[in-house]
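Visitor: Sharing protein_32.cif here; it has mmCIF, C-alpha atoms and all ligand atoms.
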data_target
loop_
_atom_site.label_atom_id
_atom_site.label_comp_id
_atom_site.auth_asym_id
_atom_site.auth_seq_id
_atom_site.Cartn_x
_atom_site.Cartn_y
_atom_site.Cartn_z
CA MET L 1 109.07 100.76 128.75
CA GLU L 2 110.27 104.03 127.18
CA ASN L 3 108.26 105.62 124.36
CA ILE L 4 110.22 106.46 121.22
CA LEU L 5 107.21 108.20 119.69
CA GLU L 6 104.08 109.70 121.20
CA ILE L 7 101.21 110.75 119.01
CA ALA L 8 98.42 112.85 120.50
CA SER L 9 95.15 114.09 118.96
CA LEU L 10 96.62 113.75 115.46
CA ASP L 11 94.26 114.95 112.74
CA VAL L 12 94.98 114.88 109.02
CA ARG L 13 92.44 116.36 106.61
CA PHE L 14 92.57 116.32 102.82
CA GLU L 15 90.88 119.09 100.88
CA GLN L 16 88.47 117.50 98.42
CA PRO L 17 85.62 118.81 96.29
CA GLN L 18 83.10 117.27 98.74
CA GLY L 19 84.79 118.94 101.72
CA GLN L 20 87.60 117.98 104.03
CA LEU L 21 88.16 114.25 104.19
CA ARG L 22 89.07 113.29 107.76
CA ALA L 23 91.80 110.76 107.01
CA LEU L 24 93.06 110.71 110.61
CA ARG L 25 90.71 111.73 113.44
CA GLY L 26 92.31 112.33 116.81
CA ILE L 27 94.89 109.57 116.80
CA ASP L 28 96.45 108.85 120.20
CA LEU L 29 99.22 106.29 120.08
CA GLU L 30 102.47 105.41 121.81
CA VAL L 31 105.29 103.54 120.16
CA LYS L 32 107.57 101.76 122.61
CA LYS L 33 111.29 101.82 121.97
CA GLY L 34 112.65 98.56 120.57
CA GLU L 35 109.23 97.01 119.98
CA VAL L 36 107.24 96.00 116.92
CA LEU L 37 103.92 97.86 116.71
CA CYS L 38 101.54 96.33 114.20
CA ILE L 39 98.80 98.47 112.71
CA VAL L 40 95.79 96.64 111.32
CA GLY L 41 92.53 97.78 109.79
CA GLU L 42 90.69 97.60 106.49
CA SER L 43 91.62 99.46 103.35
CA GLY L 44 91.17 103.23 103.55
CA CYS L 45 91.21 103.47 107.36
CA GLY L 46 94.30 105.68 107.36
CA LYS L 47 97.22 103.29 107.98
CA SER L 48 99.38 104.66 105.15
CA VAL L 49 98.51 108.28 105.89
CA LEU L 50 99.57 107.67 109.49
CA CYS L 51 102.93 106.14 108.45
CA LYS L 52 103.59 108.87 105.90
CA THR L 53 102.72 111.60 108.41
CA ILE L 54 105.14 110.13 110.95
CA ALA L 55 107.90 109.75 108.34
CA ASP L 56 107.12 113.25 106.96
CA VAL L 57 106.73 112.19 103.35
CA LEU L 58 103.19 113.46 102.68
CA CYS L 59 103.02 116.26 100.18
CA LYS L 60 101.79 119.23 102.23
CA GLU L 61 99.55 120.72 99.58
CA GLY L 62 95.82 120.54 100.37
CA ILE L 63 96.47 118.98 103.76
CA GLU L 64 95.68 120.23 107.23
CA HIS L 65 97.33 118.83 110.32
CA ALA L 66 96.53 119.15 114.00
CA GLY L 67 97.89 117.44 117.09
CA THR L 68 101.41 116.44 118.04
CA ILE L 69 103.98 113.78 117.15
CA THR L 70 106.61 113.80 119.87
CA TYR L 71 109.94 112.22 118.99
CA GLY L 72 113.02 112.67 121.20
CA GLY L 73 111.11 115.15 123.35
CA ILE L 74 110.30 117.41 120.40
CA ASP L 75 106.99 117.86 118.55
CA LEU L 76 107.84 117.06 114.93
CA LEU L 77 104.81 118.93 113.60
CA ALA L 78 105.89 122.14 115.34
CA MET L 79 109.47 121.99 113.99
CA PRO L 80 110.67 124.18 111.13
CA GLU L 81 110.03 122.23 107.93
CA LYS L 82 113.64 121.86 106.77
CA LYS L 83 114.83 120.67 110.17
CA ARG L 84 111.97 118.16 110.44
CA ARG L 85 112.62 116.83 106.96
CA ARG L 86 116.32 116.27 107.74
CA LEU L 87 115.58 114.60 111.08
CA CYS L 88 112.88 112.31 109.69
CA ALA L 89 114.93 111.41 106.61
CA LYS L 90 117.80 110.26 108.82
CA ASP L 91 116.01 108.64 111.75
CA MET L 92 113.03 107.08 110.00
CA ALA L 93 112.97 104.70 107.08
CA LEU L 94 109.81 103.89 105.18
CA VAL L 95 109.44 100.61 103.31
CA LEU L 96 106.40 100.56 101.03
CA GLN L 97 104.23 97.82 99.53
CA ASP L 98 105.72 97.44 96.13
CA PRO L 99 109.44 96.70 95.85
CA HIS L 100 109.16 96.79 92.05
CA THR L 101 108.64 100.55 92.06
CA ALA L 102 110.88 101.32 95.04
CA LEU L 103 114.09 100.61 93.13
CA ASP L 104 115.38 102.49 90.10
CA PRO L 105 115.23 100.04 87.17
CA ARG L 106 118.15 101.77 85.40
CA MET L 107 120.65 101.50 88.23
CA LYS L 108 122.63 98.50 89.42
CA ILE L 109 121.73 97.32 92.93
CA GLY L 110 125.18 98.11 94.32
CA ARG L 111 125.08 101.68 93.07
CA GLN L 112 121.61 102.30 94.48
CA LEU L 113 122.70 101.08 97.89
CA ASP L 114 125.98 102.99 97.72
CA GLU L 115 124.08 106.27 97.24
CA VAL L 116 122.74 105.89 100.79
CA LEU L 117 126.19 105.33 102.29
CA LYS L 118 127.63 108.24 100.32
CA LYS L 119 124.97 110.45 101.86
CA TYR L 120 124.95 109.20 105.42
CA GLU L 121 128.45 107.73 105.96
CA LYS L 122 130.57 110.39 104.34
CA LYS L 123 133.79 109.35 106.11
CA LEU L 124 133.92 105.86 104.63
CA SER L 125 136.27 105.11 101.73
CA ARG L 126 134.98 103.39 98.61
CA LYS L 127 136.49 100.10 99.78
CA GLU L 128 134.91 100.40 103.23
CA ARG L 129 131.56 101.20 101.67
CA THR L 130 131.71 98.10 99.46
CA GLN L 131 132.56 95.98 102.49
CA LYS L 132 129.62 97.47 104.39
CA LEU L 133 127.26 96.81 101.51
CA ILE L 134 128.32 93.18 101.34
CA GLU L 135 127.74 92.78 105.08
CA MET L 136 124.34 94.44 104.82
CA LEU L 137 123.26 92.18 101.95
CA GLU L 138 124.35 89.17 104.00
CA GLN L 139 122.23 90.43 106.91
CA VAL L 140 119.17 90.57 104.72
CA GLU L 141 119.99 87.05 103.51
CA ILE L 142 120.90 87.85 99.90
CA ASP L 143 123.16 85.16 98.47
CA HIS L 144 126.33 86.02 96.47
CA PRO L 145 126.22 89.70 97.52
CA SER L 146 129.13 90.85 95.30
CA GLN L 147 127.46 89.41 92.20
CA ARG L 148 124.03 90.77 93.18
CA MET L 149 125.44 94.27 93.45
CA GLU L 150 126.31 94.11 89.75
CA GLN L 151 122.72 93.18 88.81
CA TYR L 152 119.75 95.36 87.88
CA PRO L 153 116.44 95.14 89.81
CA TYR L 154 114.67 93.27 86.99
CA MET L 155 117.09 90.36 87.50
CA LEU L 156 115.80 89.74 91.04
CA SER L 157 112.60 88.16 92.38
CA GLY L 158 110.00 90.24 94.27
CA GLY L 159 111.09 88.88 97.65
CA MET L 160 114.75 89.63 96.92
CA LYS L 161 113.88 93.14 95.80
CA GLN L 162 111.99 93.79 99.02
CA ARG L 163 115.00 92.56 101.00
CA ILE L 164 117.20 94.96 99.00
CA VAL L 165 114.75 97.78 99.83
CA ILE L 166 114.99 96.81 103.52
CA ALA L 167 118.81 96.79 103.25
CA GLN L 168 118.65 100.25 101.67
CA ALA L 169 116.48 101.43 104.57
CA LEU L 170 118.84 99.98 107.19
CA LEU L 171 122.03 101.45 105.70
CA LYS L 172 121.25 104.87 107.14
CA ARG L 173 120.83 103.27 110.57
CA PRO L 174 117.31 104.58 111.26
CA ARG L 175 115.83 104.51 114.75
CA ILE L 176 112.36 103.68 113.46
CA LEU L 177 111.57 101.47 110.49
CA LEU L 178 108.06 101.94 109.12
CA ALA L 179 106.98 99.08 106.88
CA ASP L 180 103.65 99.74 105.18
CA GLU L 181 102.27 96.36 104.06
CA PRO L 182 105.76 95.33 102.92
CA THR L 183 104.52 91.95 101.75
CA ALA L 184 101.31 92.95 99.96
CA ALA L 185 102.89 92.39 96.54
CA LEU L 186 104.57 89.09 97.46
CA ASP L 187 103.60 85.40 97.55
CA PRO L 188 102.64 84.08 101.01
CA SER L 189 105.81 81.95 101.39
CA VAL L 190 108.03 84.89 100.42
CA SER L 191 106.00 87.17 102.71
CA LYS L 192 106.96 85.03 105.66
CA VAL L 193 110.66 85.32 104.80
CA VAL L 194 110.39 89.13 104.65
CA LEU L 195 108.39 89.40 107.90
CA ASP L 196 110.80 87.01 109.67
CA LEU L 197 113.63 89.22 108.47
CA LEU L 198 111.96 92.34 109.92
CA LYS L 199 111.50 90.55 113.22
CA LYS L 200 115.18 89.52 113.19
CA ILE L 201 116.19 93.13 112.51
CA ASN L 202 114.04 94.26 115.43
CA THR L 203 115.64 91.72 117.77
CA SER L 204 119.25 92.01 116.66
CA HIS L 205 119.50 95.73 115.81
CA HIS L 206 116.97 96.94 118.42
CA ILE L 207 115.27 99.02 115.76
CA THR L 208 111.71 100.01 116.56
CA ILE L 209 109.35 98.81 113.85
CA ILE L 210 105.93 100.08 112.88
CA LEU L 211 104.50 97.37 110.69
CA VAL L 212 101.25 97.70 108.78
CA VAL L 213 99.78 94.30 108.01
CA HIS L 214 96.51 93.12 106.55
CA ASP L 215 96.73 89.77 108.20
CA LEU L 216 95.74 89.56 111.87
CA ALA L 217 97.57 86.27 112.29
CA ALA L 218 100.79 87.99 111.17
CA ALA L 219 100.14 90.79 113.66
CA TYR L 220 99.76 88.22 116.43
CA HIS L 221 102.96 86.49 115.39
CA TYR L 222 105.20 89.51 114.86
CA ALA L 223 103.92 92.31 117.12
CA HIS L 224 104.60 93.28 120.69
CA ARG L 225 101.71 95.73 120.55
CA VAL L 226 98.81 96.13 118.16
CA ALA L 227 96.79 99.18 117.08
CA VAL L 228 93.48 98.57 115.32
CA MET L 229 92.33 101.42 113.09
CA TYR L 230 88.86 102.15 111.79
CA ALA L 231 87.76 105.16 109.69
CA GLY L 232 90.71 107.33 110.67
CA LYS L 233 90.78 106.42 114.34
CA VAL L 234 92.75 104.03 116.50
CA VAL L 235 89.84 102.15 118.07
CA GLU L 236 91.92 99.66 120.02
CA TYR L 237 95.53 99.64 121.22
CA GLY L 238 97.38 97.36 123.59
CA THR L 239 99.78 94.48 123.94
CA LYS L 240 99.01 91.78 121.44
CA GLU L 241 97.82 89.54 124.26
CA ASP L 242 95.35 92.18 125.47
CA VAL L 243 94.06 92.98 122.00
CA PHE L 244 93.69 89.37 120.86
CA GLU L 245 92.56 87.77 124.13
CA THR L 246 90.35 90.53 125.56
CA PRO L 247 89.37 92.83 122.69
CA LEU L 248 87.24 95.75 123.81
CA HIS L 249 86.05 97.45 120.62
CA PRO L 250 83.28 95.73 118.63
CA TYR L 251 85.31 96.19 115.41
CA THR L 252 88.26 94.27 116.88
CA LYS L 253 85.85 91.58 118.10
CA ALA L 254 84.31 91.33 114.64
CA LEU L 255 87.74 91.12 112.98
CA LEU L 256 88.76 88.32 115.30
CA ARG L 257 85.55 86.41 114.60
CA SER L 258 86.40 86.56 110.90
CA LEU L 259 89.77 84.85 111.42
CA PRO L 260 90.11 81.23 110.31
CA GLY L 261 91.28 78.91 113.08
CA LEU L 262 92.43 75.30 113.07
CA ASN L 263 89.68 74.24 115.48
CA LYS L 264 86.91 75.98 113.55
CA ALA L 265 87.01 73.74 110.48
CA ASN L 266 83.24 73.35 110.20
CA ARG L 267 82.27 76.87 111.11
CA ARG L 268 81.38 79.48 108.50
CA LEU L 269 83.61 82.50 108.98
CA GLU L 270 81.89 85.73 109.90
CA THR L 271 82.09 88.68 107.59
CA ILE L 272 81.66 92.35 108.42
CA GLU L 273 78.98 93.64 106.09
CA GLY L 274 79.16 96.96 104.30
CA SER L 275 82.22 99.13 104.00
CA ALA L 276 83.91 101.70 106.18
CA PRO L 277 82.57 105.23 105.79
CA LEU L 278 84.53 108.19 104.51
CA ILE L 279 84.10 110.91 107.09
CA TYR L 280 83.90 114.59 106.19
CA GLU L 281 82.45 116.07 109.38
CA ASP L 282 83.09 115.98 113.10
CA ILE L 283 81.13 113.03 114.40
CA ARG L 284 80.60 112.10 118.00
CA TYR L 285 79.24 108.60 117.56
CA ASP L 286 81.30 105.47 116.98
CA ALA L 287 81.90 105.23 113.22
CA PHE L 288 81.66 101.43 113.35
CA ALA L 289 78.24 101.43 115.02
CA CYS L 290 76.37 101.44 111.70
CA ARG L 291 77.95 98.14 110.69
CA ASN L 292 77.73 96.50 114.07
CA LYS L 293 74.63 94.35 114.45
CA GLU L 294 74.97 94.36 118.24
CA ALA L 295 75.54 98.10 118.56
CA ASP L 296 73.86 99.99 121.36
CA PRO L 297 71.53 102.71 119.99
CA ARG L 298 73.54 105.22 122.01
CA ASP L 299 76.54 104.48 119.76
CA PHE L 300 74.63 106.07 116.89
CA VAL L 301 73.95 109.46 118.40
CA GLU L 302 74.18 111.60 115.31
CA GLN L 303 74.91 115.28 115.11
CA ALA L 304 72.86 117.68 113.07
CA SER L 305 76.07 118.75 111.30
CA MET L 306 76.59 115.33 109.75
CA SER L 307 76.99 115.77 106.01
CA GLN L 308 74.40 114.51 103.58
CA PHE L 309 77.00 112.22 102.03
CA THR L 310 77.84 110.57 105.31
CA LYS L 311 74.17 110.27 106.25
CA THR L 312 73.31 108.60 102.97
CA HIS L 313 76.25 106.28 103.29
CA PHE L 314 75.38 105.22 106.81
CA ALA L 315 71.74 104.71 105.97
CA ALA L 316 72.72 102.53 103.02
CA VAL L 317 75.16 100.49 105.07
CA ARG L 318 72.44 99.83 107.62
CA ARG L 319 70.16 98.58 104.88
CA GLY L 320 72.97 96.26 103.79
CA ASN L 321 73.75 98.06 100.54
CA GLU L 322 77.48 98.05 100.03
CA ASP L 323 77.55 100.01 96.82
CA VAL L 324 77.47 103.49 98.26
N1 LIG L 401 97.13 112.31 99.07
C1 LIG L 401 95.83 112.11 99.33
N2 LIG L 401 94.89 112.98 98.94
C2 LIG L 401 93.58 112.80 99.23
N3 LIG L 401 93.11 111.74 99.93
C3 LIG L 401 94.00 110.83 100.33
C4 LIG L 401 95.41 110.94 100.06
N4 LIG L 401 96.05 109.87 100.61
C5 LIG L 401 95.09 109.12 101.18
N5 LIG L 401 93.87 109.68 101.03
C6 LIG L 401 92.60 109.15 101.57
O1 LIG L 401 92.77 108.99 102.97
C7 LIG L 401 92.11 107.81 103.43
C8 LIG L 401 93.12 106.90 104.11
O2 LIG L 401 94.00 106.40 103.13
P1 LIG L 401 95.17 105.39 103.44
O3 LIG L 401 95.93 105.83 104.64
O4 LIG L 401 95.94 105.22 102.19
O5 LIG L 401 94.39 104.04 103.80
P2 LIG L 401 94.98 102.60 104.16
O6 LIG L 401 94.51 102.29 105.54
O7 LIG L 401 94.36 101.69 103.15
O8 LIG L 401 96.47 102.68 104.04
C9 LIG L 401 91.48 107.18 102.19
O9 LIG L 401 90.13 107.57 102.14
C10 LIG L 401 92.26 107.77 101.04
O10 LIG L 401 91.49 107.84 99.88
MG MG L 402 97.79 101.65 102.76
#
Represent the structure contained in this file as structure tokens.
Ligand SMILES: Nc1ncnc2c1ncn2[C@@H]1O[C@H](COP(=O)(O)OP(=O)(O)O)[C@@H](O)[C@H]1O
Ligand SMILES: [Mg+2]

Guide:
Amino acid sequence: MENILEIASLDVRFEQPQGQLRALRGIDLEVKKGEVLCIVGESGCGKSVLCKTIADVLCKEGIEHAGTITYGGIDLLAMPEKKRRRLCAKDMALVLQDPHTALDPRMKIGRQLDEVLKKYEKKLSRKERTQKLIEMLEQVEIDHPSQRMEQYPYMLSGGMKQRIVIAQALLKRPRILLADEPTAALDPSVSKVVLDLLKKINTSHHITIILVVHDLAAAYHYAHRVAVMYAGKVVEYGTKEDVFETPLHPYTKALLRSLPGLNKANRRLETIEGSAPLIYEDIRYDAFACRNKEADPRDFVEQASMSQFTKTHFAAVRRGNEDV
């Protein structure tokens, strides 16, 4: 299967008073054309930074990049900034967590959507644009589209707003849709409707989707492939069958053991103690080793250059103190 995106040795570092925070550490990842790639991992592991780096929406100030993001045979990170911005703005659409802040509260829905068509479909007449908007709202399962277009965002429910945001993203006909926890602000029943819609878009429009989800069960249901991230690294990547049936990394194994299952009614779910470290230095050991009870001592091989902060943090995590 053809790759639409290839990421190699991607590093993103944020300048902070304590030093450079390694938000992404040598990410290697392929995204297959027409598939849904789910990214999972606990808070702070770099999922959003990865999506924003791909979609080129990170503010460049105080940030260092290394590595390559190859799209259409070209390394996006090596492109002139203006050209990259134009390409990413057209070909990639980013849907974020909170639909309440994604829409302008002062503008009617129809006008907000029309702005996209005016920008990307310059040849269409006003009448053709309206027709296209109605069709798009029908595709994202919004009832009474003509009436909805006359409404303001506050008149719609959270789930409807997120579907409007998805419609807005699709109007420019992107090749990759990045959805960063698109259901985090929604009720579980509404979440399912939104995720089902994304899956339908993937199947019917053949749009590649990178979907960040918190819920492993959702990843299993919606993904073709899964990437598991931990402390700025992709620690496991493969087809969903491979990742869920034969996980290789201890973090993936631990995550799967913490999943509720219908046949485990009487079993206490496992938790992963401690929290993920923030990493400021180059480390050669597995960052998860300090939280992994079954880790091999060789996983811990520490470098002399490890910062005091990281050392203290790891020592505390090993003692079971989460408050560091
Ligand atoms: N603009 C920024 N400036 C400094 N640090 C940031 C910035 N954005 C994210 N980070 C840090 O990078 C790490 C990864 O963040 P993020 O990708 O948002 O995690 P998540 O996996 O929860 O989406 C976190 O430690 C976060 O605090
Ligand atoms: Mg995030």

Visitor: Rounded to one decimal in Å, what is the spacing between atom CA of Ala179 of chain L and atom CA of Glu241 of chain L?

Guide: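 Answer for the atom CA of Ala179 of chain L to atom CA of Glu241 of chain L separation: 21.8 Å.
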
Visitor: Please, what is the axis-aligned box for every listed atom of ligand LIG 401 (chain L) with 8 Å on each side, as centre and edge lengths in Å to one decimal, as AutoDock Vina command-line options?

Guide:
--center_x 93.6 --center_y 107.3 --center_z 102.2 --size_x 23.0 --size_y 27.3 --size_z 22.6

Visitor: Which residues are near ligand LIG 401 (chain L) - at most 8 Å, using all atoms listed in the file? Format: as a list in words.

Guide: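 Within the 8 Å cut-off, the matching residues are Phe14, Glu15, Gln16, Leu21, Arg22, Ala23, Leu24, Gly41, Glu42, Ser43, Gly44, Cys45, Gly46, Lys47, Ser48, Val49, Leu50, Cys51, Leu58, Cys59, Gly62, Ile63, Asp180, Met229, Ala231, Gly232 and Leu278 of chain L.
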
Visitor: Would you export the selected residues with C-alpha atoms as a compact mmCIF listing (two decimals), in the frame of the given file, please?

Guide:
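Below is the file that was written, part_37.txt:
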# COMPACT_ATOMS: atom_id res chain seq x y z
CA PHE L 14 92.57 116.32 102.82
CA GLU L 15 90.88 119.09 100.88
CA GLN L 16 88.47 117.50 98.42
CA LEU L 21 88.16 114.25 104.19
CA ARG L 22 89.07 113.29 107.76
CA ALA L 23 91.80 110.76 107.01
CA LEU L 24 93.06 110.71 110.61
CA GLY L 41 92.53 97.78 109.79
CA GLU L 42 90.69 97.60 106.49
CA SER L 43 91.62 99.46 103.35
CA GLY L 44 91.17 103.23 103.55
CA CYS L 45 91.21 103.47 107.36
CA GLY L 46 94.30 105.68 107.36
CA LYS L 47 97.22 103.29 107.98
CA SER L 48 99.38 104.66 105.15
CA VAL L 49 98.51 108.28 105.89
CA LEU L 50 99.57 107.67 109.49
CA CYS L 51 102.93 106.14 108.45
CA LEU L 58 103.19 113.46 102.68
CA CYS L 59 103.02 116.26 100.18
CA GLY L 62 95.82 120.54 100.37
CA ILE L 63 96.47 118.98 103.76
CA ASP L 180 103.65 99.74 105.18
CA MET L 229 92.33 101.42 113.09
CA ALA L 231 87.76 105.16 109.69
CA GLY L 232 90.71 107.33 110.67
CA LEU L 278 84.53 108.19 104.51

Visitor: Can you work out the spacing between atom CA of Asp75 of chain L and atom CA of Lys60 of chain L in Å, to one decimal?

Guide: 17.2 Å

Visitor: Would you mind reading off the distance between atom CA of Glu115 of chain L and atom CA of Pro99 of chain L, one decimal, in Å?

Guide: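 These two atoms are separated by 17.5 Å.
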
Visitor: Need the shell around Thr130 of chain L: protein/DNA/RNA residues with any atom at most 9 Å away, counting only C-alpha atoms. Skip same-chain ones fewer than 3 positions apart. Format as a list in words?

Guide: Gly110, Asp114, Ser125, Arg126, Lys127, Leu133, Ile134, Glu135 and Ser146 of chain L

Visitor: Can you tell me, as a ChimeraX atom specification, what residues are no more than 9 Å from Arg148 of chain L when counting only C-alpha atoms, ignoring any on the same chain fewer than 6 positions away?

Guide: /L:108-110,137,142,155-156

Visitor: Could you check the closest approach to ligand MG 402 (chain L) for each of L:Ala217, L:Met1, L:Leu96, L:Leu195 and tell me which residue wins, using only C-alpha atoms and all ligand atoms?

Guide: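 The shortest atom-to-atom distance to ligand MG 402 (chain L) comes from L:Leu96.
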
Visitor: For ligand MG 402 (chain L), which of L:Ala254, L:Ile39, L:Val228, L:Val194 is the closest residue, counting only C-alpha atoms and all ligand atoms?

Guide: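 Ranked by minimum distance to ligand MG 402 (chain L), first place goes to L:Ile39.
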
Visitor: Out of L:Asp143, L:Glu35, L:Tyr251, L:Gly19, which residue has the shortest atom-to-atom distance to Lys200 of chain L when counting all atoms listed in the file?

Guide: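 So, comparing all the options, the nearest one is L:Glu35.
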
Visitor: So, counting all atoms listed in the file, which residue among L:Thr252, L:Arg25, L:Ile166, L:Val226 is closest to Ile279 of chain L?

Guide: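 For Ile279 of chain L, the nearest of the candidates is L:Arg25.
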
Visitor: Counting all atoms listed in the file, figure out which residue out of L:Val235, L:Val95, L:Met149, L:Ala223 gets nearest to ligand MG 402 (chain L).

Guide: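 Answer, going by the shortest atom-to-atom distance: L:Val95.
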
Visitor: Do you know which residues are at most 10 Å from segment 53-55 of chain L counting only C-alpha atoms, after dropping those on the same chain fewer than 2 positions away, and could you put them as a PyMOL selection string?

Guide: chain L and resi 5+7+10+12+24+47-51+57-60+65+69-71+76-77+84-85+87-94+176-178

Visitor: If we count only C-alpha atoms, what is near Gln151 of chain L at a cut-off of 12 Å, once residues fewer than 5 positions away on the same chain are taken out, given as a ChimeraX atom specification?

Guide: /L:104-112,144-146,156-157,160-161,164

Visitor: Find the residue from L:Pro174, L:Pro17, L:Gly26, L:Pro182 that sits nearest to ligand MG 402 (chain L); use only C-alpha atoms and all ligand atoms when measuring.

Guide: L:Pro182

Visitor: With a distance cut-off of 12 Å and all atoms listed in the file, select the neighbouring residues of Lys253 of chain L, excluding the residue or stretch itself and same-chain residues fewer than 4 positions from it, and output the selection as a list in words.

Guide: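 The residues that qualify are Leu216, Val228, Val235, Glu236, Val243, Phe244, Glu245, Thr246, Pro247, Leu248, His249, Arg257, Ser258, Leu259, Glu270, Thr271, Ile272, Phe288, Asn292 and Glu294 of chain L.
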
Visitor: Pull the neighbourhood of (79.3, 97.2, 110.3) for me: all residues within 8 Å in file coordinates, counting only C-alpha atoms, as a list in words.

Guide: Tyr251, Ile272, Glu273, Gly274, Ser275, Ala276, Phe288, Ala289, Cys290, Arg291, Asn292, Lys293, Val317 and Arg318 of chain L
